[in-house]
Every structure is written in C-alpha cells, then in structure tokens.
$ cat my_file-v7.cif   # mmCIF, C-alpha atoms
data_input
loop_
_atom_site.label_atom_id
_atom_site.label_comp_id
_atom_site.auth_asym_id
_atom_site.auth_seq_id
_atom_site.Cartn_x
_atom_site.Cartn_y
_atom_site.Cartn_z
CA MET A 1 19.30 -112.87 -14.68
CA GLY A 2 17.86 -114.07 -17.93
CA THR A 3 19.58 -116.49 -20.24
CA PRO A 4 21.06 -115.20 -23.54
CA GLY A 5 18.26 -113.86 -25.71
CA GLU A 6 15.91 -113.26 -22.77
CA PHE A 7 14.90 -109.91 -21.33
CA PRO A 8 12.46 -108.44 -18.75
CA ILE A 9 9.14 -106.90 -19.63
CA SER A 10 10.61 -103.38 -19.57
CA GLU A 11 12.75 -104.36 -22.56
CA LEU A 12 9.75 -105.93 -24.30
CA VAL A 13 7.88 -102.64 -23.83
CA ALA A 14 10.87 -100.72 -25.25
CA ARG A 15 11.15 -103.01 -28.27
CA THR A 16 7.48 -103.03 -29.19
CA GLY A 17 6.17 -99.70 -27.90
CA VAL A 18 3.23 -101.54 -26.30
CA PRO A 19 2.46 -100.75 -22.61
CA ALA A 20 3.18 -103.43 -20.02
CA ALA A 21 -0.49 -103.48 -18.97
CA SER A 22 -1.54 -104.37 -22.52
CA ILE A 23 1.12 -107.11 -22.72
CA HIS A 24 -0.17 -108.64 -19.49
CA HIS A 25 -3.70 -108.44 -20.86
CA TYR A 26 -2.63 -110.25 -24.05
CA ARG A 27 -1.02 -112.96 -21.94
CA ARG A 28 -4.19 -113.43 -19.91
CA LEU A 29 -6.24 -113.78 -23.09
CA GLY A 30 -3.88 -116.46 -24.39
CA LEU A 31 -2.49 -114.29 -27.18
CA LEU A 32 1.12 -114.71 -26.01
CA PRO A 33 3.11 -117.76 -24.95
CA ALA A 34 3.91 -117.85 -21.26
CA PRO A 35 7.19 -116.15 -20.31
CA ARG A 36 9.83 -118.01 -18.31
CA ARG A 37 9.25 -117.57 -14.57
CA ALA A 38 12.53 -116.77 -12.79
CA ALA A 39 10.98 -115.87 -9.43
CA ALA A 40 7.55 -115.31 -7.92
CA ASN A 41 7.18 -111.90 -9.60
CA ARG A 42 9.94 -111.97 -12.21
CA PHE A 43 9.49 -113.21 -15.75
CA PHE A 44 11.69 -113.24 -18.84
CA TYR A 45 10.60 -112.81 -22.44
CA SER A 46 12.26 -113.44 -25.79
CA GLN A 47 12.14 -112.28 -29.39
CA ARG A 48 9.28 -114.74 -29.87
CA HIS A 49 7.17 -112.60 -27.54
CA ALA A 50 8.25 -109.38 -29.25
CA ASP A 51 7.24 -110.79 -32.63
CA ALA A 52 3.87 -111.88 -31.25
CA VAL A 53 3.18 -108.48 -29.67
CA GLU A 54 4.02 -106.70 -32.91
CA ARG A 55 1.78 -109.12 -34.82
CA ILE A 56 -1.09 -108.34 -32.43
CA ARG A 57 -0.52 -104.60 -32.80
CA ASP A 58 -0.51 -104.92 -36.60
CA LEU A 59 -3.78 -106.86 -36.58
CA ARG A 60 -5.37 -104.34 -34.22
CA GLU A 61 -4.16 -101.11 -35.79
CA ARG A 62 -3.96 -101.91 -39.48
CA HIS A 63 -6.81 -104.42 -39.78
CA ARG A 64 -8.97 -103.18 -36.88
CA LEU A 65 -9.64 -106.71 -35.63
CA PRO A 66 -11.06 -107.38 -32.14
CA LEU A 67 -8.88 -109.41 -29.76
CA ARG A 68 -11.08 -112.52 -29.97
CA HIS A 69 -10.48 -112.69 -33.74
CA ILE A 70 -6.78 -112.04 -33.26
CA ALA A 71 -6.64 -114.99 -30.85
CA GLN A 72 -8.06 -117.27 -33.54
CA ILE A 73 -5.50 -116.05 -36.07
CA MET A 74 -2.57 -116.36 -33.65
CA ASN A 75 -3.53 -119.87 -32.60
CA ALA A 76 -3.97 -120.96 -36.23
CA GLU A 77 -0.53 -119.57 -37.11
CA ASN A 78 1.07 -121.29 -34.08
CA PRO A 79 -0.52 -124.69 -33.37
CA ASP A 80 1.18 -124.99 -29.98
CA HIS A 81 0.42 -121.38 -29.05
CA ALA A 82 -2.83 -121.87 -27.15
CA GLU A 83 -1.54 -124.84 -25.18
CA VAL A 84 1.62 -123.02 -24.10
CA ALA A 85 -0.16 -119.79 -23.32
CA ASN A 86 -2.73 -121.46 -21.10
CA LEU A 87 -0.25 -123.34 -18.94
CA ALA A 88 -0.48 -122.26 -15.30
CA ASP A 89 1.15 -123.61 -12.19
CA SER A 90 -0.82 -124.85 -9.19
CA GLY A 91 -0.42 -121.56 -7.32
CA GLU A 92 -2.04 -119.60 -10.13
CA GLN A 93 -4.80 -122.18 -10.39
CA LEU A 94 -5.51 -121.95 -6.66
CA ARG A 95 -5.57 -118.17 -6.83
CA ASP A 96 -7.96 -118.14 -9.80
CA VAL A 97 -10.35 -120.48 -7.97
CA ALA A 98 -10.04 -118.38 -4.81
CA ILE A 99 -11.01 -115.23 -6.70
CA GLN A 100 -14.19 -116.89 -7.90
CA GLU A 101 -15.06 -118.46 -4.55
CA PHE A 102 -14.34 -115.38 -2.41
CA ALA A 103 -16.29 -113.16 -4.81
CA LEU A 104 -19.27 -115.52 -4.87
CA ARG A 105 -19.46 -116.64 -1.23
CA GLY A 106 -17.37 -114.25 0.84
CA TYR A 107 -14.24 -114.80 2.88
CA THR A 108 -15.80 -116.47 5.91
CA GLU A 109 -17.79 -119.07 3.97
CA VAL A 110 -14.82 -120.35 1.92
CA SER A 111 -12.31 -122.80 3.38
CA VAL A 112 -8.90 -123.95 2.19
CA SER A 113 -10.44 -127.38 1.60
CA ASP A 114 -13.13 -125.85 -0.61
CA ILE A 115 -10.54 -124.06 -2.73
CA CYS A 116 -8.33 -127.14 -3.07
CA ALA A 117 -11.31 -129.28 -4.06
CA GLN A 118 -12.44 -126.80 -6.72
CA ALA A 119 -8.88 -126.49 -8.07
CA GLY A 120 -8.25 -130.24 -7.99
CA VAL A 121 -5.13 -129.68 -5.88
CA ALA A 122 -4.03 -131.59 -2.78
CA LYS A 123 -4.25 -129.63 0.46
CA GLY A 124 -0.54 -130.18 1.09
CA THR A 125 0.20 -128.45 -2.21
CA PHE A 126 -1.73 -125.39 -1.05
CA TYR A 127 0.82 -124.67 1.68
CA ARG A 128 3.68 -124.77 -0.78
CA TYR A 129 2.28 -121.55 -2.26
CA PHE A 130 0.38 -119.82 0.54
CA ARG A 131 0.90 -119.50 4.28
CA SER A 132 -2.82 -119.39 5.07
CA LYS A 133 -6.26 -118.65 3.70
CA GLN A 134 -5.72 -115.00 4.57
CA ASP A 135 -2.45 -114.94 2.61
CA LEU A 136 -4.26 -116.38 -0.42
CA PHE A 137 -7.10 -113.88 0.02
CA PHE A 138 -4.74 -110.91 -0.03
CA GLN A 139 -2.94 -112.27 -3.11
CA ALA A 140 -6.29 -112.89 -4.80
CA VAL A 141 -7.38 -109.29 -4.16
CA GLU A 142 -4.10 -107.96 -5.57
CA ALA A 143 -4.53 -110.18 -8.63
CA VAL A 144 -8.03 -108.76 -9.14
CA VAL A 145 -6.58 -105.24 -8.98
CA ASP A 146 -3.94 -106.10 -11.58
CA ASN A 147 -6.50 -107.81 -13.81
CA THR A 148 -8.80 -104.79 -13.61
CA ALA A 149 -6.00 -102.34 -14.36
CA GLU A 150 -4.72 -104.38 -17.29
CA GLU A 151 -8.18 -104.77 -18.83
CA PHE A 152 -8.88 -101.07 -18.36
CA ALA A 153 -5.53 -100.22 -19.99
CA ALA A 154 -6.47 -102.39 -22.95
CA ALA A 155 -9.91 -100.73 -23.13
CA VAL A 156 -8.41 -97.23 -23.38
CA ASP A 157 -5.19 -98.11 -25.22
CA GLY A 158 -4.46 -95.51 -27.90
CA GLN A 159 -7.59 -93.48 -27.18
CA VAL A 160 -6.66 -90.01 -25.94
CA GLY A 161 -9.22 -87.39 -24.92
CA LEU A 162 -11.98 -89.67 -23.66
CA SER A 163 -14.46 -87.85 -21.45
CA ARG A 164 -14.55 -88.54 -17.73
CA GLU A 165 -17.97 -90.12 -18.19
CA GLU A 166 -16.65 -92.52 -20.83
CA LEU A 167 -13.60 -93.39 -18.71
CA THR A 168 -15.93 -94.07 -15.78
CA ARG A 169 -18.10 -96.37 -17.90
CA ARG A 170 -15.14 -98.34 -19.19
CA LEU A 171 -13.63 -98.69 -15.73
CA ALA A 172 -17.00 -99.81 -14.33
CA GLU A 173 -17.18 -102.55 -16.97
CA THR A 174 -13.73 -103.87 -16.11
CA LEU A 175 -14.14 -103.37 -12.35
CA LEU A 176 -17.50 -105.13 -12.00
CA PRO A 177 -16.32 -108.80 -12.03
CA GLY A 178 -13.76 -108.23 -9.27
CA LEU A 179 -15.69 -105.69 -7.22
CA PRO A 180 -17.18 -108.19 -4.71
CA ILE A 181 -13.77 -109.35 -3.52
CA MET A 182 -12.46 -105.78 -3.31
CA LEU A 183 -15.49 -104.75 -1.27
CA GLU A 184 -14.92 -107.80 0.95
CA VAL A 185 -11.50 -106.55 2.00
CA ALA A 186 -12.91 -103.04 2.43
CA LYS A 187 -15.73 -104.39 4.63
CA ARG A 188 -13.33 -106.28 6.86
CA SER A 189 -11.22 -103.14 7.12
CA VAL A 190 -14.23 -101.11 8.32
CA GLN A 191 -14.93 -103.83 10.87
CA GLY A 192 -11.61 -102.97 12.48
CA GLN A 193 -9.52 -105.94 11.36
CA VAL A 194 -6.06 -104.40 11.33
CA GLU A 195 -4.40 -106.60 8.71
CA HIS A 196 -7.36 -106.15 6.38
CA ALA A 197 -7.25 -102.38 6.91
CA ALA A 198 -3.63 -102.32 5.76
CA ALA A 199 -4.49 -104.58 2.83
CA ALA A 200 -7.44 -102.39 1.80
CA GLN A 201 -5.28 -99.28 1.77
CA ARG A 202 -2.60 -101.10 -0.23
CA VAL A 203 -5.12 -102.49 -2.71
CA PHE A 204 -6.85 -99.21 -3.50
CA TRP A 205 -3.59 -97.28 -3.74
CA ARG A 206 -2.30 -99.97 -6.07
CA LEU A 207 -5.37 -99.74 -8.26
CA ALA A 208 -5.14 -95.93 -8.44
CA GLU A 209 -1.45 -96.16 -9.32
CA ARG A 210 -2.06 -98.73 -12.07
CA LEU A 211 -4.93 -96.70 -13.51
CA GLY A 212 -2.69 -93.65 -13.53
CA GLU A 213 -0.16 -95.63 -15.57
CA ALA A 214 -2.90 -96.63 -18.02
CA LEU A 215 -3.84 -92.95 -18.39
CA SER A 216 -0.25 -91.71 -18.66
CA ASP A 217 -0.95 -90.13 -22.06
CA ASP A 218 -3.79 -88.08 -20.56
CA PRO A 219 -2.65 -84.88 -18.78
CA ARG A 220 -5.32 -85.58 -16.16
CA GLY A 221 -4.07 -89.16 -15.71
CA HIS A 222 -2.69 -89.65 -12.20
CA ARG A 223 -4.84 -86.87 -10.75
CA LEU A 224 -7.98 -88.45 -12.21
CA ALA A 225 -7.27 -92.09 -11.34
CA GLY A 226 -8.45 -92.07 -7.72
CA ALA A 227 -11.63 -90.17 -8.56
CA LEU A 228 -12.44 -92.62 -11.34
CA ILE A 229 -12.47 -95.52 -8.88
CA MET A 230 -15.12 -93.81 -6.75
CA ASP A 231 -17.06 -92.76 -9.85
CA ALA A 232 -16.99 -96.30 -11.26
CA ILE A 233 -18.15 -97.89 -8.00
CA ALA A 234 -20.98 -95.35 -7.76
CA HIS A 235 -21.86 -96.07 -11.40
CA ILE A 236 -22.05 -99.82 -10.72
CA PHE A 237 -24.30 -99.33 -7.71
CA ALA A 238 -26.48 -96.85 -9.58
CA GLU A 239 -26.94 -99.36 -12.42
CA SER A 240 -27.83 -102.06 -9.90
CA LEU A 241 -30.35 -99.82 -8.17
CA MET A 242 -31.87 -98.75 -11.47
CA GLY A 243 -32.62 -102.37 -12.24
CA ARG A 244 -34.25 -102.89 -8.86
CA PHE A 245 -36.05 -99.60 -8.27
CA ALA A 246 -36.80 -98.25 -11.76
CA ASP A 247 -40.51 -98.85 -11.27
CA ARG A 248 -40.68 -96.78 -8.06
CA PRO A 249 -42.45 -93.41 -8.41
CA ASN A 250 -39.67 -91.50 -6.60
CA PHE A 251 -36.89 -92.93 -8.74
CA ASP A 252 -34.94 -90.34 -10.68
CA ASP A 253 -34.35 -91.60 -14.24
CA ALA A 254 -30.86 -90.11 -14.18
CA GLY A 255 -29.97 -92.69 -11.55
CA ALA A 256 -28.98 -90.00 -9.10
CA VAL A 257 -31.77 -89.67 -6.52
CA ILE A 258 -33.87 -92.24 -4.70
CA ALA A 259 -36.19 -91.32 -1.87
CA LEU A 260 -34.77 -93.63 0.77
CA THR A 261 -37.85 -93.32 2.95
CA ASP A 262 -39.91 -94.93 0.23
CA LEU A 263 -37.89 -98.16 -0.12
CA ASP A 264 -40.15 -100.28 2.14
#
$ encode --input "my_file-v7.cif" --output "structure tokens"
Amino acid sequence: MGTPGEFPISELVARTGVPAASIHHYRRLGLLPAPRRAAANRFFYSQRHADAVERIRDLRERHRLPLRHIAQIMNAENPDHAEVANLADSGEQLRDVAIQEFALRGYTEVSVSDICAQAGVAKGTFYRYFRSKQDLFFQAVEAVVDNTAEEFAAAVDGQVGLSREELTRRLAETLLPGLPIMLEVAKRSVQGQVEHAAAAQRVFWRLAERLGEALSDDPRGHRLAGALIMDAIAHIFAESLMGRFADRPNFDDAGAVIALTDLD
C-alpha cells in the first residue's frame, strides 16, 4: 500500500484525465519526477505528479508547445526536477544497455560481461536483478514493447479520426528503434527455440493490446491494432528497400513491387 498522500497510476489517470501511456512517456522524457517504487512493477504517485501532469497538459493544449520545450520549462521551474526524474536503479540501467546491445549486435554476440561493462555495473550486481542473459533479454524486449506503445500513444494522443495510413506511419516511426530486438526474438522463435516462441507470442500480443489501449477512442481501435503492427513492419521494410533499390529499373515507385529475380 502507498503511504498517506500516495496513490497508484490508475488514480493519477482519474485525477488528471491523461492516459497512463502518456504519463509513462512523460516520465521517460524526464518531464515527471520518478514515482516511489513499492515493488518490481508497482509505483506510487503523489499530488506533485498530478500537478506536473496538469501543467504539461496545459502547456501542450493551451500553448501548443512541443514536449522538448515543455521539458525546458519544467526543469527551469523545478531546479531539482531533471536530476530526480533521471534517477534509475542498476536494473533499469542494465536493461537500457541490453536493449542497445541486443538491437545492435544480436543476442548471441552479447555477453553478460559486455552488458555489465557498458553499464558500469559489477557482474555480481547483474544477478541481483536477472537470473540469466535470457531473462534480461526477455525483459528488454518487453520494455521495448512498452516504450513503443507509450510513444505511439503520445503521438496519437487527442487525435481522433486519423487514417489507417497515418496511423501506420506514426507506428512505424515509434517502432523502428526497437524493431531489431523484436525481430530477434521472432527469429529465435522460428528457429524452434521453445522459450523464445512463447516470448514472441507474449510480446506481440502485448504490443497489440497496448496499441489497442492507445486507440481506445477510435471505434476501430482494438480490431485495428494487430493489423497496424504488420502494416508498420511492412512500411519499415519498404522504406529500407526503397533506399537500396530505388535506382533499379523494375522498382515500383509506390514501394510495393520489386522484381525479385532482378536483385543480383
């Protein structure tokens, strides 16, 4: 339970009218002070957070300021704000490094020692937070899913009636940084690795569910979420191929058709 004056994120959402995904996104950008961690996945907030969320909403809606400018204003108004907001424990630091390393080099090429060295954390500390490299990998993938969903929610917050094409583009933009690590778990699933197969299913269902929450104001929301993931991945690959093959004579400018027999 929280101490007097503290409450869970559901209460913060009720008090401010701001979706949980947007609140998490504000936290990640350093716009909010860190909540009190009561357990691995349980945090408590206070009126200080509610005031900050309402201040952010006012600056966004009434003054139409982008989040990077709001961050400057918030940090100027609260000198200790940025320092508090950017505090992270060793487990979060290890996970953030792991996301970067797994995405850049792949699961096999990254060791626990590599991650600890990059994070500046002793190897013994690693095992206080994670049972194994695989455990960290699965948590890193889930964190990428949550990050993607939260950033997508912020990108579509308050904008009802966006076309499917525009939703696909916005999801592709937020999905791109974390796509390598998501494809890594999908690849290992296809290779028949049972634990990775279960993780892949869990990860993509989780992403679809979170996207559905972000689109809850859209009558197509939950039905559209799963299709958007496939559309966004296809969009990312099409953009990549356009950059590589745009000078080929059989390349369709719409990004839809490439004569595969002519890719020698």
$ residues_around --input "my_file-v7.cif" --residues "range 107-122 of chain A" --least-positions-apart "6" --cutoff "7 Å" --atoms "all atoms listed in the file" --output "PDB file with C-alpha atoms, in the frame of the given file"
ATOM      1  CA  GLN A  93      -4.800-122.180 -10.390  1.00  0.00           C
ATOM      2  CA  LEU A  94      -5.510-121.950  -6.660  1.00  0.00           C
ATOM      3  CA  VAL A  97     -10.350-120.480  -7.970  1.00  0.00           C
ATOM      4  CA  ALA A  98     -10.040-118.380  -4.810  1.00  0.00           C
ATOM      5  CA  GLU A 101     -15.060-118.460  -4.550  1.00  0.00           C
ATOM      6  CA  LYS A 133      -6.260-118.650   3.700  1.00  0.00           C
TER       7      LYS A 133
END
$ closest_residue --input "my_file-v7.cif" --among "A:Phe43, A:Phe102, A:Trp205, A:Phe237" --to "Ala172 in chain A" --atoms "all atoms listed in the file"
A:Phe237
$ closest_residue --input "my_file-v7.cif" --among "A:Asn147, A:Asp135, A:Glu54, A:Gln100" --to "Thr16 in chain A" --atoms "all atoms listed in the file"
A:Glu54
$ atom_distance --input "my_file-v7.cif" --atom1 "CA of Met242 in chain A" --atom2 "CA of Thr174 in chain A"
19.4 Å
$ atom_distance --input "my_file-v7.cif" --atom1 "CA of Ile23 in chain A" --atom2 "CA of Ala103 in chain A"
25.7 Å
$ resolve_selection --input "my_file-v7.cif" --expression "the PyMOL selection byres ((chain A and resi 229) around 12)" --output "ChimeraX atom specification"
/A:145,148-149,152,164,167-176,179,182,203-212,222-228,230-236
$ resolve_selection --input "my_file-v7.cif" --expression "the PyMOL selection byres ((chain A and resi 8) around 8)" --output "PDB file with C-alpha atoms, in the coordinates of the input"
ATOM      1  CA  GLY A   2      17.860-114.070 -17.930  1.00  0.00           C
ATOM      2  CA  GLU A   6      15.910-113.260 -22.770  1.00  0.00           C
ATOM      3  CA  PHE A   7      14.900-109.910 -21.330  1.00  0.00           C
ATOM      4  CA  ILE A   9       9.140-106.900 -19.630  1.00  0.00           C
ATOM      5  CA  SER A  10      10.610-103.380 -19.570  1.00  0.00           C
ATOM      6  CA  GLU A  11      12.750-104.360 -22.560  1.00  0.00           C
ATOM      7  CA  LEU A  12       9.750-105.930 -24.300  1.00  0.00           C
ATOM      8  CA  ARG A  42       9.940-111.970 -12.210  1.00  0.00           C
ATOM      9  CA  PHE A  43       9.490-113.210 -15.750  1.00  0.00           C
ATOM     10  CA  PHE A  44      11.690-113.240 -18.840  1.00  0.00           C
ATOM     11  CA  TYR A  45      10.600-112.810 -22.440  1.00  0.00           C
TER      12      TYR A  45
END
$ atom_distance --input "my_file-v7.cif" --atom1 "CA of Asp51 in chain A" --atom2 "CA of Glu213 in chain A"
24.0 Å
$ closest_residue --input "my_file-v7.cif" --among "A:Gln47, A:Leu31, A:Gln201, A:Arg220" --to "Lys187 in chain A" --atoms "only C-alpha atoms"
A:Gln201
